[in-house]
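Written below as structure tokens is the structure these notes are about.
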Amino acid sequence: MKGRMKKISALTIAASMALSLVACGNQSTEGAEKGNEKTKIKITWWGGQGRHDSTQKVLDLYTQSHPDVEFEAIPSGWDGYFDKLSTQAASGSMPDIVQMDYLYISTYAKNNSIADLQEYIDNGTIDTKNIDDKILNTGKIDDKMAGIVLSSSLISVGYNPDVLAGAGVKEPTSDWTWNDFVEASVKVSNATGKPSAMASAGVASDTNIFNYWVRQHGKTLFNEKGTALGYEDDSIAADFFQMWKDMMDKNASPDPDEMAQIVSLGQEAGPIVTGDGAFNFDWNNYTSRMSKVNDKLKIATPPLANDSQDMGLWIKPGMFFSIAETSKVKDECAEFINWFINSEEANDIIMAERGTPVSSEIRNYMVDSGKMNQQQVEMFQYVDKATELCGNTPAPDPAGISEINKAFDMAANSVFYGQATAEDAAKTFREEANAILERNNK
């Protein structure tokens with residue numbers, strides 16, 4: 001967790017350097033050149049070992065049918081992924097195909113690090129006819145198609161039913177509240193002697209869970225122009241910080257140091273998977289991703305606000321594939337992305353590991369194929385049920401989100417370490433966030 005607190009984005013540097021590199025046009029893309037016989041494509045993504053293995057199989061399968069293409073795979077964990085990517089953007093050495101997140105796509109689009117893919121949709125290279133326009137257009141930034149969405153997802157709570165049963169706690173339902181969540185977590189902790197509730201990368205490592213919390217309070221995390229936070233009441237953030245601080249004090253949630261140790265184990269060895277914890281905030285594909293190591297995990301919608309029935313959920317683009325502006329093999333990259341999202345063979349390997357596929361044709365194929373395990377079937381069912389509870393999908397996070405996440409992480413941890421009150425930390429975060437947003441989104 002302390003390592004995460006060092007996440008100072010180099011994207012501001014990347015913006016100026018990437019622009020100059022593109023303008024000069026004489027900077028080669030490292031390791032991504034079209035040779036005499038083979039086209040070499042550099043591709044990077046984040047994820048756990050299961051994603052690394054399945055993605056490599058997909059790349060190998062594509063090469064079998066396209067022997068003129070070879071890949072250089074650069075898998076990574078989430079931690080540090082965008083730090084490295086921003087450095088590559090600054091030096092003009094971004095991989096050709098980049099797995100991109102909704103948190104950051106706006107920043108990379110606006111600093112011209114990633115290419116406009118609209119021409120590949122227009123000329124039919126990337127077939128998007130089976131993708132709903134609302135989810136497809138989440139990749140459009142200022143009329144630029146900065147990424148092709150791969151999946152849809154929702155914030156969810158993965159849980160271990162055996163751990164809950166052992167502590168005499170009922171499984172969550174769609175009407176449970178934050179009070180119910182805290183009470184259940186404390187009961188499990190008392191029964192096991194171990195922290196029971198967590199988020200995959202830490203509760204404050206980014207603003208996704210907090211975004212959900214803010215929406216439950218009838219506000220938005222950012223204003224429409226992205227020039228400031230969308231709320232002024234510091235009690236919203238203060239209550240969030242204090243709830244998790246109280247849980248840490250009761251050993252119901254790991255403190256930042258404990259969380260750093262958990263993250264270092266990898267998700268497949270996390271406490272919810274191994275039976276040492278009860279709850280884990282993640283995305284709706286969490287149990288599907290973990291099904292090879294524990295096929296008994298389940299997912300639930302996140303808790304409701306204690307004094308409101310406003311769910312706060314939204315359909316989030318799971319992730320995107322973007323193409324580096326500096327890539328020399330954009331056409332070939334676009335052809336692969338099309339195959340990745342529309343090929344039955346590719347999706348037989350992926351098995352919705354990145355979330356619910358965006359192609360309606362592929363979703364129907366997977367449901368009818370009978371090849372999905374129980375967790376994958378439940379993931380599809382979860383999306384169908386949870387969609388009814390969802391509000392509008394917010395715009396992509398504004399430029400400067402890396403700095404925002406760092407400021408949020410530092411504010412939260414100042415509370416968790418007892419260095420500041422929740423009220424002071426909430427005020428500090430609001431002031432710093434507004435300054436960051438104003439500076440980056442004029």
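In the structure tokens, each chain is lettered A, B, ... as it comes, each chain's residues begin at 1, and ligands are numbered from 1 in order of appearance.
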
Original post:
Quick one: residues within 7 Å of Asn405 (chain A), only C-alpha atoms counted, chain neighbours fewer than 4 positions away excluded, as a ChimeraX atom specification?
Top reply: /A:205-207,401,409

Generate the output file for the selected residues, N, CA, C and O atoms, as a PDB file, in the first residue's frame.
```pdb
ATOM      1  N   SER A 205      -7.101   2.706  -3.261  1.00  0.00           N
ATOM      2  CA  SER A 205      -6.078   2.734  -4.301  1.00  0.00           C
ATOM      3  C   SER A 205      -6.549   3.456  -5.551  1.00  0.00           C
ATOM      4  O   SER A 205      -5.755   3.958  -6.333  1.00  0.00           O
ATOM      5  N   ASP A 206      -7.866   3.481  -5.775  1.00  0.00           N
ATOM      6  CA  ASP A 206      -8.462   4.325  -6.803  1.00  0.00           C
ATOM      7  C   ASP A 206      -9.823   4.783  -6.286  1.00  0.00           C
ATOM      8  O   ASP A 206     -10.205   4.468  -5.151  1.00  0.00           O
ATOM      9  N   THR A 207     -10.560   5.500  -7.111  1.00  0.00           N
ATOM     10  CA  THR A 207     -11.804   6.108  -6.641  1.00  0.00           C
ATOM     11  C   THR A 207     -13.053   5.340  -7.060  1.00  0.00           C
ATOM     12  O   THR A 207     -14.168   5.859  -6.936  1.00  0.00           O
ATOM     13  N   ILE A 401      -6.664  12.069 -13.582  1.00  0.00           N
ATOM     14  CA  ILE A 401      -7.214  11.072 -12.664  1.00  0.00           C
ATOM     15  C   ILE A 401      -6.123  10.360 -11.878  1.00  0.00           C
ATOM     16  O   ILE A 401      -6.342   9.973 -10.717  1.00  0.00           O
ATOM     17  N   ASP A 409      -5.811   8.399  -2.205  1.00  0.00           N
ATOM     18  CA  ASP A 409      -5.095   7.365  -1.470  1.00  0.00           C
ATOM     19  C   ASP A 409      -4.366   7.957  -0.270  1.00  0.00           C
ATOM     20  O   ASP A 409      -4.416   7.417   0.845  1.00  0.00           O
TER      21      ASP A 409
END
```

Subject >> Nearby residues (only C-alpha atoms) at most 6 Å from Ala252 (chain A), same-chain spacing under 6 positions excluded, as a PyMOL selection string >> reply: chain A and resi 185-186+189+195-196

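Contact shell of region 122-130 of chain A at 7 Å (only C-alpha atoms; same-chain neighbours under 4 positions omitted): Gln118, Ala334, Glu335, Asn338, Ser359, Ser360 and Glu361 of chain A.
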
Store the residues picked out above in a file with N, CA, C and O atoms, as a compact mmCIF listing (two decimals), in the first residue's frame.
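Once everything was written out, this is out-v2.txt:
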```
# COMPACT_ATOMS: atom_id res chain seq x y z
N GLN A 118 -11.73 5.29 -35.15
CA GLN A 118 -13.00 5.42 -35.87
C GLN A 118 -12.86 4.98 -37.33
O GLN A 118 -13.79 4.39 -37.89
N ALA A 334 -5.63 -3.38 -35.55
CA ALA A 334 -7.09 -3.28 -35.66
C ALA A 334 -7.70 -4.61 -36.07
O ALA A 334 -8.77 -5.00 -35.58
N GLU A 335 -7.05 -5.33 -36.97
CA GLU A 335 -7.55 -6.64 -37.40
C GLU A 335 -7.59 -7.62 -36.24
O GLU A 335 -8.53 -8.40 -36.09
N ASN A 338 -10.48 -6.75 -33.78
CA ASN A 338 -11.75 -7.22 -34.33
C ASN A 338 -11.93 -8.71 -34.06
O ASN A 338 -13.00 -9.16 -33.63
N SER A 359 -20.09 -8.01 -27.45
CA SER A 359 -20.83 -8.46 -28.64
C SER A 359 -22.03 -9.29 -28.22
O SER A 359 -21.89 -10.32 -27.55
N SER A 360 -23.22 -8.86 -28.62
CA SER A 360 -24.43 -9.63 -28.29
C SER A 360 -24.40 -11.01 -28.93
O SER A 360 -24.89 -11.99 -28.35
N GLU A 361 -23.80 -11.10 -30.09
CA GLU A 361 -23.70 -12.39 -30.77
C GLU A 361 -22.81 -13.35 -29.99
O GLU A 361 -23.13 -14.54 -29.85
```

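When DSSP reads the backbone of this structure, the residues of region 157-215 of chain A it assigns to alpha helix (DSSP H) are Pro161, Asp162, Val163, Leu164, Ala165, Gly166, Trp178, Asn179, Asp180, Phe181, Val182, Glu183, Ala184, Ser185, Val186, Lys187, Val188, Ser189, Asn190, Ala191, Thr192, Asn208, Ile209, Phe210, Asn211, Tyr212, Trp213, Val214 and Arg215 of chain A.
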
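For region 170-174 of chain A, the set of protein, DNA and RNA residues having any atom at most 7 Å away, when counting only C-alpha atoms and skipping those fewer than 2 positions along the same chain, is A:Pro161, A:Leu164, A:Ala165, A:Gly168, A:Trp176, A:Ala300, A:Thr301.
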
Subject >> All residues 7 Å or closer to region 437-442 of chain A, only C-alpha atoms, same chain fewer than 4 positions away omitted, as number ranges by chain >> reply: A: 226-228, 399-400, 433

Got time to write the residues from that selection, all heavy atoms, as a compact mmCIF listing (two decimals), in the first residue's frame?
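Printed below is part_8.txt as written:
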```txt
# COMPACT_ATOMS: atom_id res chain seq x y z
N GLY A 226 -15.67 18.30 -15.67
CA GLY A 226 -14.45 17.67 -15.16
C GLY A 226 -13.48 18.65 -14.57
O GLY A 226 -12.29 18.34 -14.42
N THR A 227 -13.97 19.83 -14.19
CA THR A 227 -13.08 20.87 -13.65
C THR A 227 -13.08 20.91 -12.13
O THR A 227 -12.33 21.68 -11.53
CB THR A 227 -13.50 22.25 -14.18
OG1 THR A 227 -14.89 22.47 -13.86
CG2 THR A 227 -13.33 22.32 -15.69
N ALA A 228 -13.93 20.10 -11.49
CA ALA A 228 -13.98 20.06 -10.03
C ALA A 228 -14.74 18.80 -9.62
O ALA A 228 -15.37 18.13 -10.46
CB ALA A 228 -14.68 21.31 -9.47
N ALA A 399 -9.08 14.27 -17.26
CA ALA A 399 -7.62 14.30 -17.23
C ALA A 399 -7.14 14.63 -15.82
O ALA A 399 -7.75 15.45 -15.12
CB ALA A 399 -7.09 15.32 -18.23
N GLY A 400 -6.06 13.98 -15.42
CA GLY A 400 -5.53 14.17 -14.08
C GLY A 400 -5.98 13.12 -13.10
O GLY A 400 -5.71 13.24 -11.90
N ALA A 433 -8.03 17.85 -5.00
CA ALA A 433 -8.67 17.32 -6.21
C ALA A 433 -9.16 18.45 -7.10
O ALA A 433 -8.99 18.41 -8.33
CB ALA A 433 -9.82 16.40 -5.83
```

Original post:
What lies within 12 Å of Arg354 (chain A) using only C-alpha atoms, ignoring chain neighbours under 4 positions off, as number ranges by chain?
Top reply: A: 45-48, 50-52, 54-55, 99, 101, 149-154, 283-290, 317-321, 340-341, 347, 349-350, 358, 376, 379

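Between CA of Glu432 (chain A) and CA of Ser235 (chain A) there is a distance of 16.2 Å.
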
Original post:
Near Asn211 (chain A), within 12 Å and counting only C-alpha atoms, which residues show up once chain neighbours fewer than 2 positions away are dropped, as a PyMOL selection string?
Top reply: chain A and resi 103+155+203-204+206-209+213-222+229-231+236-237+240+311-314+316+393-394+397+405+408

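Picture a line from CA of Asp246 (chain A) to CA of Glu403 (chain A); it runs 26.3 Å.
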
Original post:
Please, which residues of region 63-161 of chain A, numbered as in this document, come out strand (DSSP E) from DSSP, as a ChimeraX atom specification?
Top reply: /A:69-76,97-100,140-141,144-145,148-153,155-159

Selected residues, N, CA and C atoms, written as an mmCIF file, in the first residue's frame, please.
```
data_model
loop_
_atom_site.group_PDB
_atom_site.id
_atom_site.type_symbol
_atom_site.label_atom_id
_atom_site.label_comp_id
_atom_site.auth_asym_id
_atom_site.auth_seq_id
_atom_site.Cartn_x
_atom_site.Cartn_y
_atom_site.Cartn_z
ATOM 1 N N VAL A 69 2.025 -12.908 -38.506
ATOM 2 C CA VAL A 69 1.984 -12.041 -37.328
ATOM 3 C C VAL A 69 2.615 -12.743 -36.138
ATOM 4 N N GLU A 70 3.433 -12.033 -35.399
ATOM 5 C CA GLU A 70 3.952 -12.543 -34.136
ATOM 6 C C GLU A 70 3.790 -11.476 -33.072
ATOM 7 N N PHE A 71 3.620 -11.927 -31.836
ATOM 8 C CA PHE A 71 3.362 -11.012 -30.726
ATOM 9 C C PHE A 71 4.521 -10.996 -29.747
ATOM 10 N N GLU A 72 4.730 -9.839 -29.169
ATOM 11 C CA GLU A 72 5.572 -9.733 -27.983
ATOM 12 C C GLU A 72 4.647 -9.353 -26.839
ATOM 13 N N ALA A 73 4.382 -10.299 -25.964
ATOM 14 C CA ALA A 73 3.426 -10.105 -24.879
ATOM 15 C C ALA A 73 4.111 -9.479 -23.669
ATOM 16 N N ILE A 74 3.438 -8.492 -23.064
ATOM 17 C CA ILE A 74 3.976 -7.803 -21.892
ATOM 18 C C ILE A 74 2.892 -7.790 -20.818
ATOM 19 N N PRO A 75 2.662 -8.923 -20.148
ATOM 20 C CA PRO A 75 1.649 -8.955 -19.088
ATOM 21 C C PRO A 75 2.135 -8.242 -17.835
ATOM 22 N N SER A 76 1.177 -7.801 -17.017
ATOM 23 C CA SER A 76 1.520 -7.051 -15.821
ATOM 24 C C SER A 76 0.408 -7.201 -14.796
ATOM 25 N N ILE A 97 -0.554 -2.429 -28.932
ATOM 26 C CA ILE A 97 -1.896 -2.607 -28.385
ATOM 27 C C ILE A 97 -1.803 -2.503 -26.874
ATOM 28 N N VAL A 98 -2.645 -1.649 -26.310
ATOM 29 C CA VAL A 98 -2.603 -1.362 -24.885
ATOM 30 C C VAL A 98 -3.976 -1.636 -24.276
ATOM 31 N N GLN A 99 -4.013 -2.480 -23.248
ATOM 32 C CA GLN A 99 -5.253 -2.629 -22.496
ATOM 33 C C GLN A 99 -5.438 -1.364 -21.677
ATOM 34 N N MET A 100 -6.575 -0.705 -21.888
ATOM 35 C CA MET A 100 -6.808 0.615 -21.308
ATOM 36 C C MET A 100 -8.018 0.569 -20.373
ATOM 37 N N LYS A 140 -15.285 6.782 -26.782
ATOM 38 C CA LYS A 140 -15.172 7.994 -27.600
ATOM 39 C C LYS A 140 -14.891 9.186 -26.703
ATOM 40 N N ILE A 141 -13.775 9.848 -26.957
ATOM 41 C CA ILE A 141 -13.360 11.017 -26.190
ATOM 42 C C ILE A 141 -13.229 12.194 -27.149
ATOM 43 N N LYS A 144 -13.255 11.311 -30.692
ATOM 44 C CA LYS A 144 -12.156 10.424 -31.064
ATOM 45 C C LYS A 144 -12.405 9.063 -30.431
ATOM 46 N N MET A 145 -12.461 7.996 -31.241
ATOM 47 C CA MET A 145 -12.646 6.653 -30.708
ATOM 48 C C MET A 145 -11.292 6.165 -30.183
ATOM 49 N N ILE A 148 -11.495 0.466 -28.182
ATOM 50 C CA ILE A 148 -12.606 -0.434 -28.464
ATOM 51 C C ILE A 148 -12.917 -1.197 -27.188
ATOM 52 N N VAL A 149 -14.134 -1.020 -26.671
ATOM 53 C CA VAL A 149 -14.511 -1.647 -25.415
ATOM 54 C C VAL A 149 -14.560 -3.164 -25.584
ATOM 55 N N LEU A 150 -14.040 -3.888 -24.611
ATOM 56 C CA LEU A 150 -13.959 -5.350 -24.674
ATOM 57 C C LEU A 150 -15.059 -6.028 -23.877
ATOM 58 N N SER A 151 -15.534 -5.363 -22.835
ATOM 59 C CA SER A 151 -16.487 -6.010 -21.931
ATOM 60 C C SER A 151 -17.225 -4.952 -21.145
ATOM 61 N N SER A 152 -18.272 -5.372 -20.483
ATOM 62 C CA SER A 152 -18.966 -4.484 -19.550
ATOM 63 C C SER A 152 -18.864 -5.091 -18.161
ATOM 64 N N SER A 153 -18.921 -4.249 -17.154
ATOM 65 C CA SER A 153 -18.759 -4.747 -15.793
ATOM 66 C C SER A 153 -19.474 -3.835 -14.813
ATOM 67 N N ILE A 155 -19.433 -2.819 -10.385
ATOM 68 C CA ILE A 155 -18.847 -3.025 -9.064
ATOM 69 C C ILE A 155 -19.662 -4.090 -8.337
ATOM 70 N N SER A 156 -18.981 -5.020 -7.722
ATOM 71 C CA SER A 156 -19.637 -6.145 -7.057
ATOM 72 C C SER A 156 -18.888 -6.490 -5.775
ATOM 73 N N VAL A 157 -19.525 -7.328 -4.991
ATOM 74 C CA VAL A 157 -18.869 -7.864 -3.800
ATOM 75 C C VAL A 157 -18.787 -9.377 -3.959
ATOM 76 N N GLY A 158 -17.567 -9.877 -4.118
ATOM 77 C CA GLY A 158 -17.372 -11.318 -4.108
ATOM 78 C C GLY A 158 -17.352 -11.794 -2.672
ATOM 79 N N TYR A 159 -17.911 -12.967 -2.425
ATOM 80 C CA TYR A 159 -17.901 -13.455 -1.042
ATOM 81 C C TYR A 159 -17.741 -14.972 -0.999
#
```

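Taking CA of Ala386 (chain A) as the reference point, CA of Asn223 (chain A) is found at 25.3 Å.
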
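The nearest approach to Phe279 (chain A) among the residues A:Lys292, A:Lys84, A:Lys406, A:Lys298, with only C-alpha atoms taken into account, belongs to A:Lys298.
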
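Minimum distance to Met366 (chain A) across A:Asn342, A:Asn111, A:Ala395, A:Glu388 (counting only C-alpha atoms) occurs at A:Asn342.
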